[in-house]
Each structure stands twice: as C-alpha cells, then as structure tokens.
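S.K.: Got a structure here, written out as structure tokens. Questions coming.
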Amino acid sequence: MANVIAVDGPSGAGKSSVSRLVGKRLGYLHVDSGALYRIMTWQALERGVNVDDPAAVASFAQEVEIEYRPEGGAVAYYVNGSAPGDRIRMPEINANASKVATVKEVRERITGMLRDMAKLGNLVVEGRDIATAVFPDSPARFYLTASAEARARRRRKEEIDKGVANQSEEAVMASLLARDHIDSTRRHAPLRKADGAMEIDSSDMTLEEVVETVINALPEGWAQ
Ligand code: DC
C-alpha cells in the first residue's frame with residue numbers, strides 16, 4: 001500500500017504550494033483534488049447543465065471522462081485529450097465549484113478516482129475531505145488553515161500572477177468566505193479537521209516553515 005499524506009483546509013490556506021513542495025522533496029506525486037471538482041464544474045457549465053439542479057449534476061457526473069497520469073511529479077488530468085489549464089481557475093468556476101461539490105454522486109465519483117491513484121505510488125493529496133473521507137486511515141493527516149485576510153491576500157496575488165482575474169481583496173475575500181461556508185456546511189463530507197489530524201495555522205509562517213513542519217511530523221521511514 002502506498003503512503004498517502006492528506007492535506008485538508010479552506011481555500012487559500014496554502015495547501016497547493018505546501019503539497020507540491022512536500023511532494024517534490026519526498027518524491028511523492030502531488031494530487032490536487034480540487035482540480036477534479038473544478039473540471040466537473042467547467043464541463044457542466046460548458047455543456048449547459050444547470051449547476052443549481054443536483055439531479056442534473058448527479059447524472060452528468062457519470063458522463064464526464066477524466067483521464068489522469070503521472071507527469072512532472074504530479075497527477076495530471078485530461079479531458080477529451082487536452083489539459084484544462086487555467087480555464088478551471090476562472091472566477092466563474094470558483095463561484096460554482098462548491099455547489100457542484102455538494103452533490104453526492106460527484107463526490108463518490110471523485111473519491112473513487114482519488115483512491116485509485118494510490119496505485120500510482122506514494123501521494124500527497126490536498127483537498128477538503130481527504131483526511132476525513134477519502135483516506136481516513138492515513139497516519140499522515142494535516143489540517144492547514146490561515147486567517148481570512150491572509151488567505152484572501154494569497155488568492156488575489158495568485159489570480160493576478162496567473163492573469164486569470166484582477167479583483168479587489170474584498171471581492172476575493174467575499175467569494176472565498178462564501179465557498180468556505182458552502183464547503184463546511186454541506187451534508188456530504190463537509191470541510192472539517194479530521195479527528196487526530198495535525199492542525200497548522202500558516203498565517204504567520206513561511207512556506208518553507210510549513211513544509212518543514214509537515215515533513216517532521218511524518219511517520220518514521222516516510223521521508224527518505
Ligand atoms: O481547492 P479548490 O479551491 O481548487 O477547490 C475547488 C472546490 O472543490 C471547492 O469549492 C471545494 C471543493 N472541494 C471539495 O469539496 N473536496 C475536495 N477534496 C477538494 C475540493
């Protein structure tokens with residue numbers, strides 16, 4: 001059985017940067033589970049599925065074909081042969097992904113894919129329900145958090161750097177808090193810290209410090 005490091009937390013807590021770096025240091029594949037929810041959302045919108053109708057989203061969830069394979073230290077995703085790229089990082093996707101992620105059939109489909117990825121090798125998987133629902137038996141489970149201000153600042157910078165949007169910090173924070181609310185109050189696999197997971201507040205920590213904290217807390221033999 002592969003080693004799986006689970007990293008959960010709200011948007012903008014630094015999960016992606018931390019998970020990517022931890023993966024690189026240890027030679028574990030980085031898995032961005034949020035990207036799968038974003039791909040489902042993007043495809044639903046492209047095909048005119050009403051994302052406010054859970055039944056429509058549920059049946060559509062079975063149809064979307066997502067291929068994945070290891071590439072450059074991460075698990076890369078393809079839809080109809082092409083990589084989704086920054087199309088799934090647009091504000092329109094941000095605004096609708098948490099709705100799509102409330103649908104049980106979407107979660108089941110993605111959870112199945114994520115568990116299947118463990119056959120590819122050791123993984124560091126980031127998301128909202130990785131430690132609570134997808135890999136609850138992993139001995140390496142983390143809950144990464146940060147103040148709303150720090151999270152909004154980081155997300156805004158990310159959007160500007162990627163050239164996908166240039167919104168005010170207030171707008172970014174409002175969208176982030178709205179998503180947090182939906183993610184943590186939904187019925188199926190809501191965002192919460194798993195019992196026994198290690199909580200790390202990254203508000204006043206450098207990326208390097210967070211990475212070190214994660215690596216130092218791993219079970220013996222996982223970090224060589
Ligand atoms: O991490 P992110 O912003 O890319 O996630 C996009 C959306 O997907 C977010 O609203 C929460 C949802 N998500 C989820 O429900 N479960 C996961 N494991 C990962 C993301």
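Chain lettering (A, B, ...) mirrors the order of the structure tokens, residue numbering begins at 1 for each chain separately, and ligand numbering begins at 1 in order of display.
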Which residues of chain A come within 6 Å of ligand 1, and what is each one's closest atom pair and distance in Å (one decimal), counting only C-alpha atoms and all ligand atoms, sorted by chain and residue number, as JSON lines?
M.R.:
```
{"residue": "A:Ser11", "atom": "CA", "partner": "ligand 1", "partner_atom_place_in_ligand_line": "3 (O)", "distance": 5.2}
{"residue": "A:Ser33", "atom": "CA", "partner": "ligand 1", "partner_atom_place_in_ligand_line": "19 (C)", "distance": 4.8}
{"residue": "A:Gly34", "atom": "CA", "partner": "ligand 1", "partner_atom_place_in_ligand_line": "20 (C)", "distance": 3.5}
{"residue": "A:Ala35", "atom": "CA", "partner": "ligand 1", "partner_atom_place_in_ligand_line": "4 (O)", "distance": 5.2}
{"residue": "A:Tyr37", "atom": "CA", "partner": "ligand 1", "partner_atom_place_in_ligand_line": "8 (O)", "distance": 4.8}
{"residue": "A:Arg38", "atom": "CA", "partner": "ligand 1", "partner_atom_place_in_ligand_line": "6 (C)", "distance": 5.6}
{"residue": "A:Ala97", "atom": "CA", "partner": "ligand 1", "partner_atom_place_in_ligand_line": "10 (O)", "distance": 4.8}
{"residue": "A:Ser98", "atom": "CA", "partner": "ligand 1", "partner_atom_place_in_ligand_line": "10 (O)", "distance": 3.4}
{"residue": "A:Ala101", "atom": "CA", "partner": "ligand 1", "partner_atom_place_in_ligand_line": "15 (O)", "distance": 4.8}
{"residue": "A:Gly127", "atom": "CA", "partner": "ligand 1", "partner_atom_place_in_ligand_line": "18 (N)", "distance": 3.6}
{"residue": "A:Arg128", "atom": "CA", "partner": "ligand 1", "partner_atom_place_in_ligand_line": "18 (N)", "distance": 4.1}
{"residue": "A:Asp129", "atom": "CA", "partner": "ligand 1", "partner_atom_place_in_ligand_line": "18 (N)", "distance": 4.8}
{"residue": "A:Ile130", "atom": "CA", "partner": "ligand 1", "partner_atom_place_in_ligand_line": "18 (N)", "distance": 5.7}
{"residue": "A:Arg179", "atom": "CA", "partner": "ligand 1", "partner_atom_place_in_ligand_line": "10 (O)", "distance": 5.5}
{"residue": "A:Asp183", "atom": "CA", "partner": "ligand 1", "partner_atom_place_in_ligand_line": "11 (C)", "distance": 5.8}
```
S.K.: Would you mind listing what lies within 8 Å of A:Ile200 as a PyMOL selection string, with only C-alpha atoms counted and same-chain residues fewer than 2 positions away left out?
M.R.: chain A and resi 142-145+198+202+210
S.K.: Save the residues we just selected, all heavy atoms, as a PDB file, in the first residue's frame?
M.R.:
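Final output, out24.pdb:
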```pdb
ATOM      1  N   PHE A 142      -3.183  16.207   7.818  1.00  0.00           N
ATOM      2  CA  PHE A 142      -2.930  17.590   8.232  1.00  0.00           C
ATOM      3  C   PHE A 142      -4.129  18.472   7.898  1.00  0.00           C
ATOM      4  O   PHE A 142      -4.814  18.239   6.901  1.00  0.00           O
ATOM      5  CB  PHE A 142      -1.696  18.123   7.500  1.00  0.00           C
ATOM      6  CG  PHE A 142      -0.455  17.347   7.840  1.00  0.00           C
ATOM      7  CD1 PHE A 142      -0.110  16.222   7.094  1.00  0.00           C
ATOM      8  CD2 PHE A 142       0.334  17.697   8.925  1.00  0.00           C
ATOM      9  CE1 PHE A 142       1.012  15.472   7.428  1.00  0.00           C
ATOM     10  CE2 PHE A 142       1.458  16.953   9.266  1.00  0.00           C
ATOM     11  CZ  PHE A 142       1.794  15.836   8.506  1.00  0.00           C
ATOM     12  N   TYR A 143      -4.337  19.475   8.766  1.00  0.00           N
ATOM     13  CA  TYR A 143      -5.368  20.481   8.504  1.00  0.00           C
ATOM     14  C   TYR A 143      -4.664  21.824   8.487  1.00  0.00           C
ATOM     15  O   TYR A 143      -4.176  22.308   9.514  1.00  0.00           O
ATOM     16  CB  TYR A 143      -6.445  20.449   9.592  1.00  0.00           C
ATOM     17  CG  TYR A 143      -7.628  21.320   9.243  1.00  0.00           C
ATOM     18  CD1 TYR A 143      -8.619  20.864   8.379  1.00  0.00           C
ATOM     19  CD2 TYR A 143      -7.744  22.606   9.767  1.00  0.00           C
ATOM     20  CE1 TYR A 143      -9.701  21.663   8.037  1.00  0.00           C
ATOM     21  CE2 TYR A 143      -8.827  23.418   9.432  1.00  0.00           C
ATOM     22  CZ  TYR A 143      -9.797  22.935   8.576  1.00  0.00           C
ATOM     23  OH  TYR A 143     -10.864  23.727   8.233  1.00  0.00           O
ATOM     24  N   LEU A 144      -4.576  22.387   7.269  1.00  0.00           N
ATOM     25  CA  LEU A 144      -3.853  23.636   7.093  1.00  0.00           C
ATOM     26  C   LEU A 144      -4.848  24.788   7.075  1.00  0.00           C
ATOM     27  O   LEU A 144      -5.826  24.746   6.316  1.00  0.00           O
ATOM     28  CB  LEU A 144      -3.107  23.540   5.756  1.00  0.00           C
ATOM     29  CG  LEU A 144      -2.021  24.553   5.469  1.00  0.00           C
ATOM     30  CD1 LEU A 144      -0.981  24.542   6.568  1.00  0.00           C
ATOM     31  CD2 LEU A 144      -1.359  24.200   4.131  1.00  0.00           C
ATOM     32  N   THR A 145      -4.587  25.788   7.893  1.00  0.00           N
ATOM     33  CA  THR A 145      -5.514  26.914   7.925  1.00  0.00           C
ATOM     34  C   THR A 145      -4.735  28.238   7.964  1.00  0.00           C
ATOM     35  O   THR A 145      -3.513  28.241   8.036  1.00  0.00           O
ATOM     36  CB  THR A 145      -6.471  26.763   9.133  1.00  0.00           C
ATOM     37  OG1 THR A 145      -7.399  27.821   9.096  1.00  0.00           O
ATOM     38  CG2 THR A 145      -5.743  26.792  10.459  1.00  0.00           C
ATOM     39  N   MET A 198      -3.199  16.815  12.344  1.00  0.00           N
ATOM     40  CA  MET A 198      -2.375  17.887  12.912  1.00  0.00           C
ATOM     41  C   MET A 198      -2.790  19.211  12.289  1.00  0.00           C
ATOM     42  O   MET A 198      -2.788  19.341  11.068  1.00  0.00           O
ATOM     43  CB  MET A 198      -0.906  17.611  12.598  1.00  0.00           C
ATOM     44  CG  MET A 198       0.027  18.671  13.121  1.00  0.00           C
ATOM     45  SD  MET A 198       1.734  18.234  12.685  1.00  0.00           S
ATOM     46  CE  MET A 198       2.610  19.399  13.683  1.00  0.00           C
ATOM     47  N   SER A 202      -1.008  28.694   9.088  1.00  0.00           N
ATOM     48  CA  SER A 202       0.118  29.211   8.305  1.00  0.00           C
ATOM     49  C   SER A 202       0.124  30.740   8.185  1.00  0.00           C
ATOM     50  O   SER A 202       0.981  31.280   7.484  1.00  0.00           O
ATOM     51  CB  SER A 202       0.079  28.598   6.898  1.00  0.00           C
ATOM     52  OG  SER A 202      -0.998  29.150   6.160  1.00  0.00           O
ATOM     53  N   VAL A 210       6.208  25.766   6.906  1.00  0.00           N
ATOM     54  CA  VAL A 210       5.066  24.844   6.888  1.00  0.00           C
ATOM     55  C   VAL A 210       5.512  23.488   6.324  1.00  0.00           C
ATOM     56  O   VAL A 210       5.189  22.434   6.866  1.00  0.00           O
ATOM     57  CB  VAL A 210       3.883  25.420   6.070  1.00  0.00           C
ATOM     58  CG1 VAL A 210       2.717  24.455   6.069  1.00  0.00           C
ATOM     59  CG2 VAL A 210       3.452  26.771   6.611  1.00  0.00           C
TER      60      VAL A 210
END
```
S.K.: Just the residues within 9 Å of stretch 152-166 of chain A, please, counting only C-alpha atoms, with nothing from its chain fewer than 4 positions along; format it as a PDB file with N, CA and C atoms, in the first residue's frame.
M.R.:
```
ATOM      1  N   SER A  11      -9.940  27.338   1.321  1.00  0.00           N
ATOM      2  CA  SER A  11      -9.277  27.974   0.172  1.00  0.00           C
ATOM      3  C   SER A  11      -8.221  28.972   0.633  1.00  0.00           C
ATOM      4  N   GLY A  12      -7.099  28.967  -0.028  1.00  0.00           N
ATOM      5  CA  GLY A  12      -6.077  29.977   0.229  1.00  0.00           C
ATOM      6  C   GLY A  12      -5.224  29.716   1.458  1.00  0.00           C
ATOM      7  N   ALA A  13      -5.385  28.554   2.090  1.00  0.00           N
ATOM      8  CA  ALA A  13      -4.584  28.259   3.294  1.00  0.00           C
ATOM      9  C   ALA A  13      -3.151  27.876   2.929  1.00  0.00           C
ATOM     10  N   GLY A  14      -2.907  27.649   1.638  1.00  0.00           N
ATOM     11  CA  GLY A  14      -1.551  27.303   1.188  1.00  0.00           C
ATOM     12  C   GLY A  14      -1.390  25.828   0.873  1.00  0.00           C
ATOM     13  N   ASP A  86      -5.639  26.823 -17.077  1.00  0.00           N
ATOM     14  CA  ASP A  86      -6.194  27.857 -16.195  1.00  0.00           C
ATOM     15  C   ASP A  86      -7.678  28.125 -16.416  1.00  0.00           C
ATOM     16  N   ARG A  87      -8.267  27.414 -17.394  1.00  0.00           N
ATOM     17  CA  ARG A  87      -9.719  27.581 -17.609  1.00  0.00           C
ATOM     18  C   ARG A  87     -10.501  27.243 -16.349  1.00  0.00           C
ATOM     19  N   ARG A  89      -9.569  27.863 -13.357  1.00  0.00           N
ATOM     20  CA  ARG A  89      -9.228  28.788 -12.247  1.00  0.00           C
ATOM     21  C   ARG A  89      -9.994  30.094 -12.353  1.00  0.00           C
ATOM     22  N   MET A  90     -10.918  30.190 -13.311  1.00  0.00           N
ATOM     23  CA  MET A  90     -11.654  31.441 -13.522  1.00  0.00           C
ATOM     24  C   MET A  90     -12.663  31.691 -12.403  1.00  0.00           C
ATOM     25  N   PRO A  91     -12.972  32.992 -12.118  1.00  0.00           N
ATOM     26  CA  PRO A  91     -13.937  33.310 -11.071  1.00  0.00           C
ATOM     27  C   PRO A  91     -15.278  32.587 -11.245  1.00  0.00           C
ATOM     28  N   SER A 147      -5.656  32.906   8.578  1.00  0.00           N
ATOM     29  CA  SER A 147      -6.712  33.901   8.763  1.00  0.00           C
ATOM     30  C   SER A 147      -7.355  34.218   7.403  1.00  0.00           C
ATOM     31  N   ALA A 148      -8.598  34.706   7.442  1.00  0.00           N
ATOM     32  CA  ALA A 148      -9.300  35.046   6.193  1.00  0.00           C
ATOM     33  C   ALA A 148      -8.524  36.109   5.418  1.00  0.00           C
ATOM     34  N   GLU A 170     -11.381  42.682  -1.227  1.00  0.00           N
ATOM     35  CA  GLU A 170     -12.709  42.465  -0.618  1.00  0.00           C
ATOM     36  C   GLU A 170     -13.514  41.455  -1.431  1.00  0.00           C
ATOM     37  N   ALA A 171     -13.450  41.593  -2.757  1.00  0.00           N
ATOM     38  CA  ALA A 171     -14.211  40.676  -3.623  1.00  0.00           C
ATOM     39  C   ALA A 171     -13.668  39.261  -3.491  1.00  0.00           C
ATOM     40  N   VAL A 172     -12.344  39.144  -3.451  1.00  0.00           N
ATOM     41  CA  VAL A 172     -11.733  37.819  -3.323  1.00  0.00           C
ATOM     42  C   VAL A 172     -12.142  37.210  -1.978  1.00  0.00           C
ATOM     43  N   MET A 173     -12.116  38.026  -0.926  1.00  0.00           N
ATOM     44  CA  MET A 173     -12.466  37.504   0.409  1.00  0.00           C
ATOM     45  C   MET A 173     -13.931  37.080   0.470  1.00  0.00           C
ATOM     46  N   ALA A 174     -14.807  37.878  -0.145  1.00  0.00           N
ATOM     47  CA  ALA A 174     -16.235  37.530  -0.124  1.00  0.00           C
ATOM     48  C   ALA A 174     -16.465  36.201  -0.828  1.00  0.00           C
ATOM     49  N   LEU A 176     -14.302  33.806  -1.295  1.00  0.00           N
ATOM     50  CA  LEU A 176     -13.641  32.753  -0.513  1.00  0.00           C
ATOM     51  C   LEU A 176     -14.483  32.353   0.722  1.00  0.00           C
TER      52      LEU A 176
END
```
S.K.: Quick one: pull the distance between atom CA of A:Asn80 and atom CA of A:Ala118, Å, one decimal.
M.R.: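 One can read the atom CA of A:Asn80 to atom CA of A:Ala118 distance as 23.1 Å.
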S.K.: Can you tell me which residues surround A:Ala197 at a distance of at most 10 Å, considering only C-alpha atoms, apart from same-chain residues fewer than 5 positions away, and format the answer as a ChimeraX atom specification?
M.R.: /A:6-8,131-132,136,138-144
S.K.: Write out the residues from the selection above, keeping all heavy atoms, as a compact mmCIF listing (two decimals), in the first residue's frame.
M.R.:
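Saved to out_34.txt:
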```txt
# COMPACT_ATOMS: atom_id res chain seq x y z
N ALA A 6 -2.30 13.31 3.63
CA ALA A 6 -3.56 14.02 3.39
C ALA A 6 -3.46 15.45 3.91
O ALA A 6 -3.08 15.67 5.06
CB ALA A 6 -4.69 13.28 4.11
N VAL A 7 -3.79 16.42 3.04
CA VAL A 7 -3.73 17.83 3.45
C VAL A 7 -5.07 18.49 3.15
O VAL A 7 -5.43 18.70 1.99
CB VAL A 7 -2.60 18.59 2.69
CG1 VAL A 7 -2.52 20.03 3.17
CG2 VAL A 7 -1.26 17.90 2.86
N ASP A 8 -5.83 18.80 4.19
CA ASP A 8 -7.11 19.48 4.03
C ASP A 8 -7.02 20.91 4.53
O ASP A 8 -6.09 21.27 5.25
CB ASP A 8 -8.20 18.75 4.84
CG ASP A 8 -8.60 17.43 4.22
OD1 ASP A 8 -8.60 17.33 2.98
OD2 ASP A 8 -8.93 16.50 4.98
N ALA A 131 -8.59 13.76 4.58
CA ALA A 131 -8.31 13.09 5.86
C ALA A 131 -9.57 12.55 6.52
O ALA A 131 -9.53 11.60 7.30
CB ALA A 131 -7.60 14.06 6.81
N THR A 132 -10.72 13.16 6.21
CA THR A 132 -11.97 12.71 6.87
C THR A 132 -12.66 11.60 6.10
O THR A 132 -13.26 10.71 6.69
CB THR A 132 -12.98 13.88 6.99
OG1 THR A 132 -13.16 14.45 5.69
CG2 THR A 132 -12.51 14.94 7.97
N PRO A 136 -9.15 8.18 5.24
CA PRO A 136 -9.23 8.43 6.70
C PRO A 136 -8.26 7.58 7.52
O PRO A 136 -8.00 7.91 8.67
CB PRO A 136 -10.69 8.07 7.03
CG PRO A 136 -11.12 7.15 5.94
CD PRO A 136 -10.36 7.55 4.71
N SER A 138 -5.08 7.10 6.78
CA SER A 138 -3.68 7.51 6.66
C SER A 138 -3.14 7.99 8.00
O SER A 138 -3.82 8.74 8.72
CB SER A 138 -3.56 8.64 5.64
OG SER A 138 -2.29 9.25 5.81
N PRO A 139 -1.92 7.61 8.36
CA PRO A 139 -1.33 8.11 9.60
C PRO A 139 -0.74 9.51 9.44
O PRO A 139 -0.22 10.07 10.40
CB PRO A 139 -0.24 7.08 9.91
CG PRO A 139 0.12 6.48 8.58
CD PRO A 139 -1.09 6.60 7.69
N ALA A 140 -0.80 10.08 8.23
CA ALA A 140 -0.22 11.41 7.99
C ALA A 140 -1.30 12.36 7.51
O ALA A 140 -1.53 12.49 6.31
CB ALA A 140 0.90 11.30 6.96
N ARG A 141 -2.01 12.96 8.46
CA ARG A 141 -3.15 13.80 8.09
C ARG A 141 -2.98 15.20 8.68
O ARG A 141 -2.70 15.35 9.86
CB ARG A 141 -4.45 13.14 8.58
CG ARG A 141 -4.67 11.78 7.87
CD ARG A 141 -5.89 11.06 8.37
NE ARG A 141 -5.81 10.88 9.81
CZ ARG A 141 -6.85 10.89 10.61
NH1 ARG A 141 -8.06 11.05 10.12
NH2 ARG A 141 -6.68 10.72 11.90
N PHE A 142 -3.18 16.21 7.82
CA PHE A 142 -2.93 17.59 8.23
C PHE A 142 -4.13 18.47 7.90
O PHE A 142 -4.81 18.24 6.90
CB PHE A 142 -1.70 18.12 7.50
CG PHE A 142 -0.46 17.35 7.84
CD1 PHE A 142 -0.11 16.22 7.09
CD2 PHE A 142 0.33 17.70 8.92
CE1 PHE A 142 1.01 15.47 7.43
CE2 PHE A 142 1.46 16.95 9.27
CZ PHE A 142 1.79 15.84 8.51
N TYR A 143 -4.34 19.48 8.77
CA TYR A 143 -5.37 20.48 8.50
C TYR A 143 -4.66 21.82 8.49
O TYR A 143 -4.18 22.31 9.51
CB TYR A 143 -6.45 20.45 9.59
CG TYR A 143 -7.63 21.32 9.24
CD1 TYR A 143 -8.62 20.86 8.38
CD2 TYR A 143 -7.74 22.61 9.77
CE1 TYR A 143 -9.70 21.66 8.04
CE2 TYR A 143 -8.83 23.42 9.43
CZ TYR A 143 -9.80 22.94 8.58
OH TYR A 143 -10.86 23.73 8.23
N LEU A 144 -4.58 22.39 7.27
CA LEU A 144 -3.85 23.64 7.09
C LEU A 144 -4.85 24.79 7.07
O LEU A 144 -5.83 24.75 6.32
CB LEU A 144 -3.11 23.54 5.76
CG LEU A 144 -2.02 24.55 5.47
CD1 LEU A 144 -0.98 24.54 6.57
CD2 LEU A 144 -1.36 24.20 4.13
```
S.K.: Quick one: pull the distance between atom CA of A:Tyr28 and atom CA of A:Thr213, Å, one decimal.
M.R.: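 Separating atom CA of A:Tyr28 from atom CA of A:Thr213 is a distance of 16.7 Å.
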S.K.: If we count only C-alpha atoms, what is near stretch 17-21 of chain A at a cut-off of 10 Å, once residues fewer than 3 positions away on the same chain are taken out, given as a list in words?
M.R.: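 Residues meeting the cut-off are Ile5, Ala6, Val7, Gly12, Ala13, Gly14, Lys24, Arg25, Leu26, Gly27, Tyr28, Leu29, His30, Val31, Asp32, Gly73, Ala74, Leu123, Val124, Val125, Glu126, Leu144, Leu207, Glu208, Glu209, Val210, Val211, Glu212 and Val214 of chain A.
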S.K.: Output the selection as an mmCIF file, in the first residue's frame - C-alpha atoms for each residue.
M.R.:
```cif
data_model
loop_
_atom_site.group_PDB
_atom_site.id
_atom_site.type_symbol
_atom_site.label_atom_id
_atom_site.label_comp_id
_atom_site.auth_asym_id
_atom_site.auth_seq_id
_atom_site.Cartn_x
_atom_site.Cartn_y
_atom_site.Cartn_z
ATOM 1 C CA ILE A 5 -0.176 12.298 3.007
ATOM 2 C CA ALA A 6 -3.562 14.021 3.393
ATOM 3 C CA VAL A 7 -3.727 17.831 3.448
ATOM 4 C CA GLY A 12 -6.077 29.977 0.229
ATOM 5 C CA ALA A 13 -4.584 28.259 3.294
ATOM 6 C CA GLY A 14 -1.551 27.303 1.188
ATOM 7 C CA LYS A 24 8.895 17.358 -4.608
ATOM 8 C CA ARG A 25 11.080 16.906 -1.527
ATOM 9 C CA LEU A 26 9.941 13.351 -0.900
ATOM 10 C CA GLY A 27 9.362 12.183 -4.468
ATOM 11 C CA TYR A 28 5.635 11.715 -3.800
ATOM 12 C CA LEU A 29 3.112 12.553 -6.524
ATOM 13 C CA HIS A 30 1.122 15.718 -5.870
ATOM 14 C CA VAL A 31 -2.638 15.277 -6.254
ATOM 15 C CA ASP A 32 -4.873 18.367 -6.478
ATOM 16 C CA GLY A 73 5.844 14.989 -10.106
ATOM 17 C CA ALA A 74 2.068 15.387 -10.090
ATOM 18 C CA LEU A 123 0.956 10.542 -2.843
ATOM 19 C CA VAL A 124 0.430 13.898 -1.208
ATOM 20 C CA VAL A 125 -3.238 14.694 -1.703
ATOM 21 C CA GLU A 126 -4.772 18.098 -0.988
ATOM 22 C CA LEU A 144 -3.853 23.636 7.093
ATOM 23 C CA LEU A 207 6.052 28.304 3.077
ATOM 24 C CA GLU A 208 9.358 26.668 3.994
ATOM 25 C CA GLU A 209 8.376 26.523 7.687
ATOM 26 C CA VAL A 210 5.066 24.844 6.888
ATOM 27 C CA VAL A 211 6.778 22.299 4.621
ATOM 28 C CA GLU A 212 9.302 21.506 7.376
ATOM 29 C CA VAL A 214 4.714 18.616 7.716
#
```
S.K.: Looking only at strand (DSSP E) from DSSP on the backbone, list the matching residues of chain A as a VMD selection string.
M.R.: chain A and resid 4 to 8 29 to 32 66 to 71 74 to 79 123 to 127 140 to 145 198 to 201
S.K.: Hey, can you spit out that residue selection with C-alpha atoms as a PDB file, in the first residue's frame?
M.R.:
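Contents of out07.pdb, freshly written:
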```pdb
ATOM      1  CA  VAL A   4      -0.648   8.888   1.401  1.00  0.00           C
ATOM      2  CA  ILE A   5      -0.176  12.298   3.007  1.00  0.00           C
ATOM      3  CA  ALA A   6      -3.562  14.021   3.393  1.00  0.00           C
ATOM      4  CA  VAL A   7      -3.727  17.831   3.448  1.00  0.00           C
ATOM      5  CA  ASP A   8      -7.114  19.477   4.025  1.00  0.00           C
ATOM      6  CA  LEU A  29       3.112  12.553  -6.524  1.00  0.00           C
ATOM      7  CA  HIS A  30       1.122  15.718  -5.870  1.00  0.00           C
ATOM      8  CA  VAL A  31      -2.638  15.277  -6.254  1.00  0.00           C
ATOM      9  CA  ASP A  32      -4.873  18.367  -6.478  1.00  0.00           C
ATOM     10  CA  ILE A  66     -11.395  12.458 -16.933  1.00  0.00           C
ATOM     11  CA  GLU A  67      -8.101  10.709 -17.645  1.00  0.00           C
ATOM     12  CA  TYR A  68      -5.142  11.020 -15.346  1.00  0.00           C
ATOM     13  CA  ARG A  69      -1.484  10.095 -15.378  1.00  0.00           C
ATOM     14  CA  PRO A  70       1.709  10.971 -13.503  1.00  0.00           C
ATOM     15  CA  GLU A  71       3.543  13.864 -15.102  1.00  0.00           C
ATOM     16  CA  ALA A  74       2.068  15.387 -10.090  1.00  0.00           C
ATOM     17  CA  VAL A  75      -1.014  13.575 -11.274  1.00  0.00           C
ATOM     18  CA  ALA A  76      -2.089  15.460 -14.409  1.00  0.00           C
ATOM     19  CA  TYR A  77      -5.683  15.466 -15.694  1.00  0.00           C
ATOM     20  CA  TYR A  78      -7.009  15.387 -19.242  1.00  0.00           C
ATOM     21  CA  VAL A  79     -10.494  15.909 -20.614  1.00  0.00           C
ATOM     22  CA  LEU A 123       0.956  10.542  -2.843  1.00  0.00           C
ATOM     23  CA  VAL A 124       0.430  13.898  -1.208  1.00  0.00           C
ATOM     24  CA  VAL A 125      -3.238  14.694  -1.703  1.00  0.00           C
ATOM     25  CA  GLU A 126      -4.772  18.098  -0.988  1.00  0.00           C
ATOM     26  CA  GLY A 127      -8.456  18.883  -0.634  1.00  0.00           C
ATOM     27  CA  ALA A 140      -0.217  11.411   7.994  1.00  0.00           C
ATOM     28  CA  ARG A 141      -3.152  13.799   8.094  1.00  0.00           C
ATOM     29  CA  PHE A 142      -2.930  17.590   8.232  1.00  0.00           C
ATOM     30  CA  TYR A 143      -5.368  20.481   8.504  1.00  0.00           C
ATOM     31  CA  LEU A 144      -3.853  23.636   7.093  1.00  0.00           C
ATOM     32  CA  THR A 145      -5.514  26.914   7.925  1.00  0.00           C
ATOM     33  CA  MET A 198      -2.375  17.887  12.912  1.00  0.00           C
ATOM     34  CA  GLU A 199      -3.558  21.495  12.600  1.00  0.00           C
ATOM     35  CA  ILE A 200      -1.126  24.060  11.185  1.00  0.00           C
ATOM     36  CA  ASP A 201      -2.014  27.767  11.103  1.00  0.00           C
TER      37      ASP A 201
END
```
